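J.: Sharing coords.cif here; it has mmCIF, C-alpha atoms.
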```cif
data_query
loop_
_atom_site.label_atom_id
_atom_site.label_comp_id
_atom_site.auth_asym_id
_atom_site.auth_seq_id
_atom_site.Cartn_x
_atom_site.Cartn_y
_atom_site.Cartn_z
CA MET A 15 -85.34 -37.75 -49.74
CA ALA A 16 -82.83 -34.92 -49.99
CA GLY A 17 -81.41 -33.56 -46.77
CA PRO A 18 -81.41 -29.92 -45.69
CA MET A 19 -79.41 -27.40 -47.66
CA ARG A 20 -76.28 -25.99 -46.10
CA VAL A 21 -75.39 -22.30 -46.12
CA THR A 22 -72.15 -20.71 -44.95
CA VAL A 23 -72.65 -17.64 -42.78
CA ARG A 24 -70.09 -14.92 -42.13
CA THR A 25 -70.32 -12.07 -39.65
CA PHE A 26 -68.12 -9.09 -38.87
CA ALA A 27 -67.17 -6.75 -36.04
CA ILE A 28 -69.72 -6.70 -33.20
CA LEU A 29 -71.82 -9.40 -34.91
CA ARG A 30 -68.80 -11.70 -35.02
CA GLU A 31 -68.12 -11.14 -31.33
CA LEU A 32 -71.73 -12.04 -30.52
CA SER A 33 -71.82 -15.15 -32.70
CA ALA A 34 -69.03 -16.63 -34.84
CA ASP A 35 -66.71 -15.52 -37.59
CA ARG A 36 -67.93 -18.31 -39.89
CA ALA A 37 -70.54 -21.02 -39.46
CA THR A 38 -72.42 -23.56 -41.54
CA LEU A 39 -76.18 -23.72 -41.04
CA ALA A 40 -78.59 -26.42 -42.18
CA LEU A 41 -81.90 -25.03 -43.44
CA ALA A 42 -85.06 -26.54 -44.83
CA GLU A 43 -85.92 -25.55 -48.40
CA PRO A 44 -87.11 -23.09 -49.50
CA ALA A 45 -85.32 -20.47 -47.41
CA THR A 46 -84.51 -16.78 -47.60
CA VAL A 47 -81.78 -14.53 -46.24
CA ALA A 48 -84.13 -13.70 -43.37
CA ASP A 49 -84.40 -17.41 -42.55
CA VAL A 50 -80.60 -17.62 -42.40
CA TRP A 51 -80.52 -14.75 -39.92
CA ALA A 52 -83.31 -16.37 -37.87
CA ALA A 53 -81.33 -19.61 -37.62
CA LEU A 54 -78.19 -17.73 -36.62
CA GLU A 55 -80.11 -15.67 -34.07
CA ALA A 56 -81.65 -18.83 -32.60
CA ALA A 57 -78.14 -20.09 -31.89
CA HIS A 58 -76.92 -16.68 -30.67
CA PRO A 59 -79.84 -14.77 -29.08
CA ASP A 60 -77.68 -11.72 -28.29
CA LEU A 61 -77.86 -10.86 -31.99
CA ALA A 62 -81.56 -10.04 -31.79
CA PRO A 63 -81.29 -6.30 -30.92
CA HIS A 64 -79.05 -5.69 -33.94
CA ARG A 65 -81.38 -7.10 -36.60
CA GLU A 66 -82.94 -3.85 -37.78
CA PHE A 67 -79.53 -2.23 -38.39
CA VAL A 68 -77.87 -5.12 -40.24
CA ARG A 69 -77.31 -5.37 -44.00
CA ALA A 70 -77.04 -8.75 -45.68
CA ALA A 71 -74.97 -9.96 -48.62
CA ARG A 72 -75.30 -13.18 -50.60
CA ASN A 73 -72.30 -14.54 -52.49
CA GLY A 74 -70.50 -11.19 -52.35
CA ALA A 75 -73.42 -8.94 -53.34
CA TYR A 76 -75.87 -7.04 -51.17
CA ALA A 77 -79.12 -8.95 -50.81
CA ALA A 78 -82.68 -8.23 -49.70
CA TRP A 79 -83.97 -10.06 -46.66
CA ASP A 80 -86.58 -11.87 -48.76
CA GLU A 81 -84.04 -13.07 -51.35
CA ALA A 82 -83.95 -16.83 -51.77
CA VAL A 83 -80.83 -18.77 -50.82
CA ALA A 84 -79.56 -22.04 -52.26
CA ASP A 85 -77.42 -24.91 -51.09
CA GLY A 86 -73.76 -23.86 -50.92
CA ASP A 87 -74.46 -20.12 -50.74
CA GLU A 88 -72.43 -17.78 -48.54
CA VAL A 89 -74.49 -15.21 -46.66
CA ALA A 90 -72.74 -12.37 -44.84
CA PHE A 91 -74.28 -10.09 -42.25
CA LEU A 92 -72.71 -6.63 -42.07
CA PRO A 93 -73.03 -4.49 -38.96
CA PRO A 94 -74.02 -0.84 -39.08
CA VAL A 95 -71.44 1.87 -39.61
CA SER A 96 -71.67 4.37 -36.76
CA GLY A 97 -70.86 8.00 -37.31
CA GLY A 98 -69.35 7.41 -40.72
CA GLY A 99 -69.50 9.39 -43.90
CA PRO A 100 -69.89 8.35 -47.54
CA THR A 101 -68.23 5.03 -48.29
CA GLY A 102 -68.04 3.22 -51.60
CA LEU A 103 -67.01 3.52 -55.23
CA THR A 104 -67.43 6.48 -57.55
CA ASP A 105 -66.84 6.96 -61.26
CA GLY A 106 -66.32 10.71 -60.95
CA PRO A 107 -63.93 13.11 -59.22
CA ILE A 108 -63.67 12.75 -55.44
CA ASP A 109 -64.69 15.82 -53.45
CA VAL A 110 -62.29 15.52 -50.53
CA PRO A 111 -63.52 18.62 -48.60
CA SER A 112 -67.05 17.20 -48.67
CA LEU A 113 -65.82 13.94 -47.16
CA GLU A 114 -64.06 15.87 -44.42
CA THR A 115 -67.21 17.85 -43.67
CA ALA A 116 -69.26 14.65 -43.56
CA VAL A 117 -67.20 13.03 -40.80
CA ALA A 118 -65.83 15.92 -38.74
CA GLY A 119 -68.12 16.49 -35.76
CA THR A 120 -67.70 19.12 -33.08
CA GLY A 121 -66.23 16.51 -30.74
CA HIS A 122 -63.52 15.54 -33.18
CA GLY A 123 -60.30 17.37 -32.43
CA ALA A 124 -58.32 15.49 -35.07
CA LEU A 125 -58.94 14.96 -38.77
CA VAL A 126 -56.57 12.79 -40.83
CA THR A 127 -57.02 12.65 -44.59
CA PHE A 128 -55.18 10.34 -46.95
CA VAL A 129 -55.48 10.97 -50.69
CA GLY A 130 -53.95 8.59 -53.20
CA ARG A 131 -53.39 10.45 -56.47
CA ALA A 132 -52.67 9.33 -60.02
CA ARG A 133 -49.01 10.08 -60.71
CA ASP A 134 -47.22 10.38 -64.02
CA VAL A 135 -44.37 7.94 -63.39
CA SER A 136 -44.43 4.21 -62.60
CA ASP A 137 -42.24 2.49 -60.04
CA ASP A 138 -39.90 1.39 -62.83
CA GLY A 139 -39.56 4.93 -64.17
CA ARG A 140 -41.89 4.75 -67.19
CA ARG A 141 -44.08 7.76 -67.99
CA VAL A 142 -47.74 7.14 -67.11
CA VAL A 143 -50.33 9.02 -69.16
CA GLU A 144 -53.40 7.91 -67.17
CA LEU A 145 -54.66 5.29 -64.72
CA GLU A 146 -57.70 3.08 -64.96
CA TYR A 147 -59.31 1.22 -62.05
CA GLU A 148 -61.61 -1.77 -62.36
CA ALA A 149 -63.47 -3.31 -59.42
CA TYR A 150 -65.85 -6.13 -58.62
CA PRO A 151 -68.37 -3.51 -57.46
CA GLU A 152 -70.82 -5.55 -55.37
CA MET A 153 -68.06 -7.23 -53.40
CA ALA A 154 -66.00 -4.03 -53.21
CA GLU A 155 -68.87 -2.13 -51.62
CA ALA A 156 -69.33 -4.92 -49.07
CA VAL A 157 -65.60 -5.05 -48.31
CA LEU A 158 -65.42 -1.29 -47.78
CA ALA A 159 -68.40 -1.42 -45.41
CA GLU A 160 -66.69 -4.30 -43.60
CA ILE A 161 -63.46 -2.31 -43.25
CA VAL A 162 -65.31 0.72 -41.87
CA ALA A 163 -67.21 -1.50 -39.43
CA GLU A 164 -63.98 -3.10 -38.22
CA THR A 165 -62.41 0.33 -37.83
CA SER A 166 -65.35 1.53 -35.77
CA THR A 167 -65.06 -1.56 -33.57
CA ARG A 168 -61.33 -1.04 -32.93
CA TRP A 169 -61.67 2.70 -32.41
CA PRO A 170 -65.25 3.40 -31.28
CA ASP A 171 -64.68 7.16 -31.14
CA VAL A 172 -63.75 7.58 -34.82
CA ALA A 173 -65.81 8.42 -37.89
CA VAL A 174 -64.66 7.20 -41.29
CA ALA A 175 -65.37 8.02 -44.92
CA ILE A 176 -63.83 6.20 -47.91
CA LEU A 177 -64.29 6.77 -51.62
CA HIS A 178 -62.38 4.86 -54.28
CA ARG A 179 -62.62 5.94 -57.87
CA VAL A 180 -63.20 3.49 -60.73
CA GLY A 181 -62.74 4.00 -64.45
CA VAL A 182 -60.16 6.37 -65.91
CA VAL A 183 -58.42 8.66 -63.43
CA PRO A 184 -56.47 11.53 -65.03
CA ILE A 185 -52.98 12.27 -63.79
CA GLY A 186 -53.02 14.44 -60.67
CA GLU A 187 -56.56 13.56 -59.62
CA ALA A 188 -57.53 11.54 -56.54
CA ALA A 189 -57.96 7.80 -56.98
CA VAL A 190 -58.85 7.13 -53.34
CA ALA A 191 -59.61 9.29 -50.31
CA ILE A 192 -59.79 8.12 -46.71
CA VAL A 193 -60.90 10.55 -44.03
CA VAL A 194 -60.87 9.70 -40.33
CA ALA A 195 -62.07 12.02 -37.58
CA ALA A 196 -61.47 11.34 -33.88
CA PRO A 197 -61.29 13.23 -30.60
CA HIS A 198 -57.51 12.78 -30.50
CA ARG A 199 -54.79 12.55 -33.16
CA SER A 200 -53.37 9.16 -32.16
CA ASN A 201 -56.58 7.27 -32.94
CA ALA A 202 -57.12 9.28 -36.12
CA TYR A 203 -53.65 8.41 -37.42
CA GLU A 204 -53.83 4.76 -36.41
CA ALA A 205 -57.32 4.21 -37.82
CA ASN A 206 -56.46 5.88 -41.12
CA ARG A 207 -53.38 3.67 -41.52
CA PHE A 208 -55.46 0.59 -40.71
CA VAL A 209 -57.96 1.50 -43.44
CA ILE A 210 -55.23 2.09 -46.03
CA GLU A 211 -53.57 -1.26 -45.36
CA ALA A 212 -56.91 -3.12 -45.28
CA ILE A 213 -57.87 -1.66 -48.67
CA LYS A 214 -54.53 -2.71 -50.17
CA GLU A 215 -54.94 -6.23 -48.84
CA ARG A 216 -58.64 -6.95 -49.31
CA LEU A 217 -60.40 -4.67 -51.77
CA PRO A 218 -61.18 -6.42 -55.10
CA ILE A 219 -59.92 -3.63 -57.33
CA TRP A 220 -57.21 -3.50 -59.99
CA LYS A 221 -55.19 -0.70 -61.53
CA ARG A 222 -54.08 -0.34 -65.15
CA GLU A 223 -51.18 2.01 -65.79
CA ARG A 224 -51.31 3.34 -69.35
CA PHE A 225 -47.99 4.28 -70.90
CA GLU A 226 -47.19 5.90 -74.21
CA ASP A 227 -46.25 2.47 -75.58
CA GLY A 228 -48.71 0.13 -73.81
CA SER A 229 -50.33 -0.65 -70.47
CA GLU A 230 -50.02 -2.95 -67.46
CA TRP A 231 -52.49 -4.19 -64.84
CA LYS A 232 -51.46 -4.11 -61.17
CA ARG A 233 -52.98 -4.40 -57.76
CA PRO A 234 -53.23 -0.89 -56.21
CA GLY A 235 -50.39 -0.37 -53.77
CA ALA A 236 -48.23 -2.95 -55.54
#
```
Please, can you express the file's structure as C-alpha cells?

T.:
Amino acid sequence: MAGPMRVTVRTFAILRELSADRATLALAEPATVADVWAALEAAHPDLAPHREFVRAARNGAYAAWDEAVADGDEVAFLPPVSGGGPTGLTDGPIDVPSLETAVAGTGHGALVTFVGRARDVSDDGRRVVELEYEAYPEMAEAVLAEIVAETSTRWPDVAVAILHRVGVVPIGEAAVAIVVAAPHRSNAYEANRFVIEAIKERLPIWKRERFEDGSEWKRPGA
C-alpha cells in the first residue's frame, strides 16, 4: 500500500514568522490546497486568523483553495498586502501618476518613485532601438506579491505599488515603476531601494535589447 503523499509548503512574511519558512507535510490522498493549509494550521494554530486573507500558489502559479495537489508539489501561502496599490505585470504603458495616487494617503508625508526607462544605448555603447521583456507571468505575479508583503513586514507604515511592463517597450517609456509612500522619507527611500534590489535578484523576467544589427537577452539590471 502506497504511503501518504508529501507536499512542500512555503510561507512568507508574517505567515513565515508564525509557522516556518519551508516545511514538508504528509497528506492522505486525495488532497486539495485547502487540506495543505489545514495541516499547516494544525501544526501552527496561530495561523488560523489569517486564513481568509491568504492567497495560495501551487508550483509557482496562483491556485484555488479547492485545487487538487499531488505528491511532490510545492504549495506557497502568500500573506495579504496591506495598504498597497496595483502590483503586477502589464503589457501597456505604465501610468506613474495613477500609481502615486493609489498609494499616497493623507498620512504619508513622503512619496518615493523609481521609474526604470528604456534607454537608447547599451552598457557597451551600442545603439538600442527598442527593448522587449519576457516573464514567467504566474511566478512573476507571485514573486511581486511576495516582495510587497516582505516590504510591508519590514516597514509596516509604508504602502507600495509595483508595475513591470512586458512585451516591447519603446525607447523613453517606463519599463518598471515602483512607488513607495510612508509617513517619513527615510522609510520611503529604504523600502523603495529594497524593492528595486529584490526585483533584480528574484523576479523571473528577462530583457532583450534590440540593436540595428541584432539583439541580446539579458537579466534586467545586469

J.: Could you check which of A:Thr127, A:Ser200, A:Asn206, A:Thr115 is closest to Ser166 (chain A), using all atoms listed in the file?

T.: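 When distances to Ser166 (chain A) are compared using all atoms listed in the file, the smallest one comes from A:Asn206.
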
J.: Point out the residue among A:Val47, A:Val129, A:Pro151, A:Gly139 with the least atom-to-atom distance to Arg69 (chain A), counting all atoms listed in the file.

T.: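 Of A:Val47, A:Val129, A:Pro151, A:Gly139, the one nearest Arg69 (chain A) is A:Val47, counting all atoms listed in the file.
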
J.: Taking the file as I've supplied it (selection: the PyMOL selection byres ((chain A and resi 25) around 7)), which residues are included? Please answer as number ranges by chain.

T.: A: 23-24, 26, 29-30, 34-36, 90-92

J.: Please report as JSON lines every residue of region 151-191 of chain A lying within 7 Å of region 209-226 of chain A, along with the nearest atom pair and their distance in Å (one decimal), using only C-alpha atoms.

T.:
```
{"residue": "A:Ala154", "atom": "CA", "partner": "A:Pro218", "partner_atom": "CA", "distance": 5.7}
{"residue": "A:Val157", "atom": "CA", "partner": "A:Leu217", "partner_atom": "CA", "distance": 6.3}
{"residue": "A:Ile161", "atom": "CA", "partner": "A:Val209", "partner_atom": "CA", "distance": 6.7}
```

J.: May I ask which of the residues A:Ala159, A:Ala202, A:Ala118, A:Leu39 is the closest one to Gly86 (chain A), counting all atoms listed in the file?

T.: A:Leu39

J.: Report the distance between CA of Thr46 (chain A) and CA of Pro18 (chain A) in Å, rounded to one decimal place.

T.: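 Atom-to-atom, CA of Thr46 (chain A) to CA of Pro18 (chain A), that is 13.6 Å.
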
J.: Per residue of region 148-214 of chain A within 10 Å of region 133-138 of chain A, record the nearest atom pair and its distance in Å to one decimal, counting all atoms listed in the file, with rows in chain order and ascending residue number, as a tab-separated table.

T.:
```
residue	atom	partner	partner_atom	distance
A:Val183	CA	A:Arg133	CA	9.9
A:Pro184	CA	A:Arg133	CA	8.7
A:Ile185	CA	A:Arg133	CA	5.5
A:Gly186	CA	A:Arg133	CA	5.9
A:Glu187	CA	A:Arg133	CA	8.4
A:Ala188	CA	A:Arg133	CA	9.6
A:Ala189	CA	A:Arg133	CA	10.0
```

J.: Could you write out the selected residues, including C-alpha atoms, as a tab-separated table (two decimals), in the coordinates of the input?

T.:
```
chain	number	residue	atom	x	y	z
A	183	VAL	CA	-58.42	8.66	-63.43
A	184	PRO	CA	-56.47	11.53	-65.03
A	185	ILE	CA	-52.98	12.27	-63.79
A	186	GLY	CA	-53.02	14.44	-60.67
A	187	GLU	CA	-56.56	13.56	-59.62
A	188	ALA	CA	-57.53	11.54	-56.54
A	189	ALA	CA	-57.96	7.80	-56.98
```

J.: What lies within 9 Å of Glu155 (chain A) using all atoms listed in the file, ignoring chain neighbours under 3 positions off, as a ChimeraX atom specification?

T.: /A:75-76,101-103,150-152,158-160,217

J.: What gap, in Å, lies between CA of Glu230 (chain A) and CA of Asp105 (chain A)?

T.: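 It comes out at 20.5 Å.
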
J.: What do you get, as a list in words, if you spell out every residue that the PyMOL selection byres ((chain A and resi 80) around 9) selects here?

T.: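 The output of the PyMOL selection byres ((chain A and resi 80) around 9) on this file is Ala45, Thr46, Val47, Ala48, Asp49, Ala77, Ala78, Trp79, Glu81 and Ala82 of chain A.
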
J.: For Val180 (chain A), which of A:Asp85, A:Glu114, A:Glu146, A:Glu31 is the closest residue, counting all atoms listed in the file?

T.: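 Checking each candidate against Val180 (chain A), we get A:Glu146 as the closest.
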
J.: Which residues, named as in the file, does the PyMOL selection byres ((chain A and resi 112) around 12) pick out? Answer as JSON, numbers by chain.

T.: {"A": [99, 100, 107, 108, 109, 110, 111, 113, 114, 115, 116, 117, 118, 127, 175, 176, 177, 191, 192, 193]}

J.: What does the structure give for the distance between CA of Asn73 (chain A) and CA of Ile28 (chain A), in Å to one decimal?

T.: 21.0 Å

J.: As AutoDock Vina command-line options, what would the box around region 168-184 of chain A look like: edges along x, y and z, 8 Å added on every side, centre and edge lengths in Å to one decimal?

T.:
```
--center_x -61.1 --center_y 5.2 --center_z -48.5 --size_x 25.3 --size_y 28.6 --size_z 50.8
```
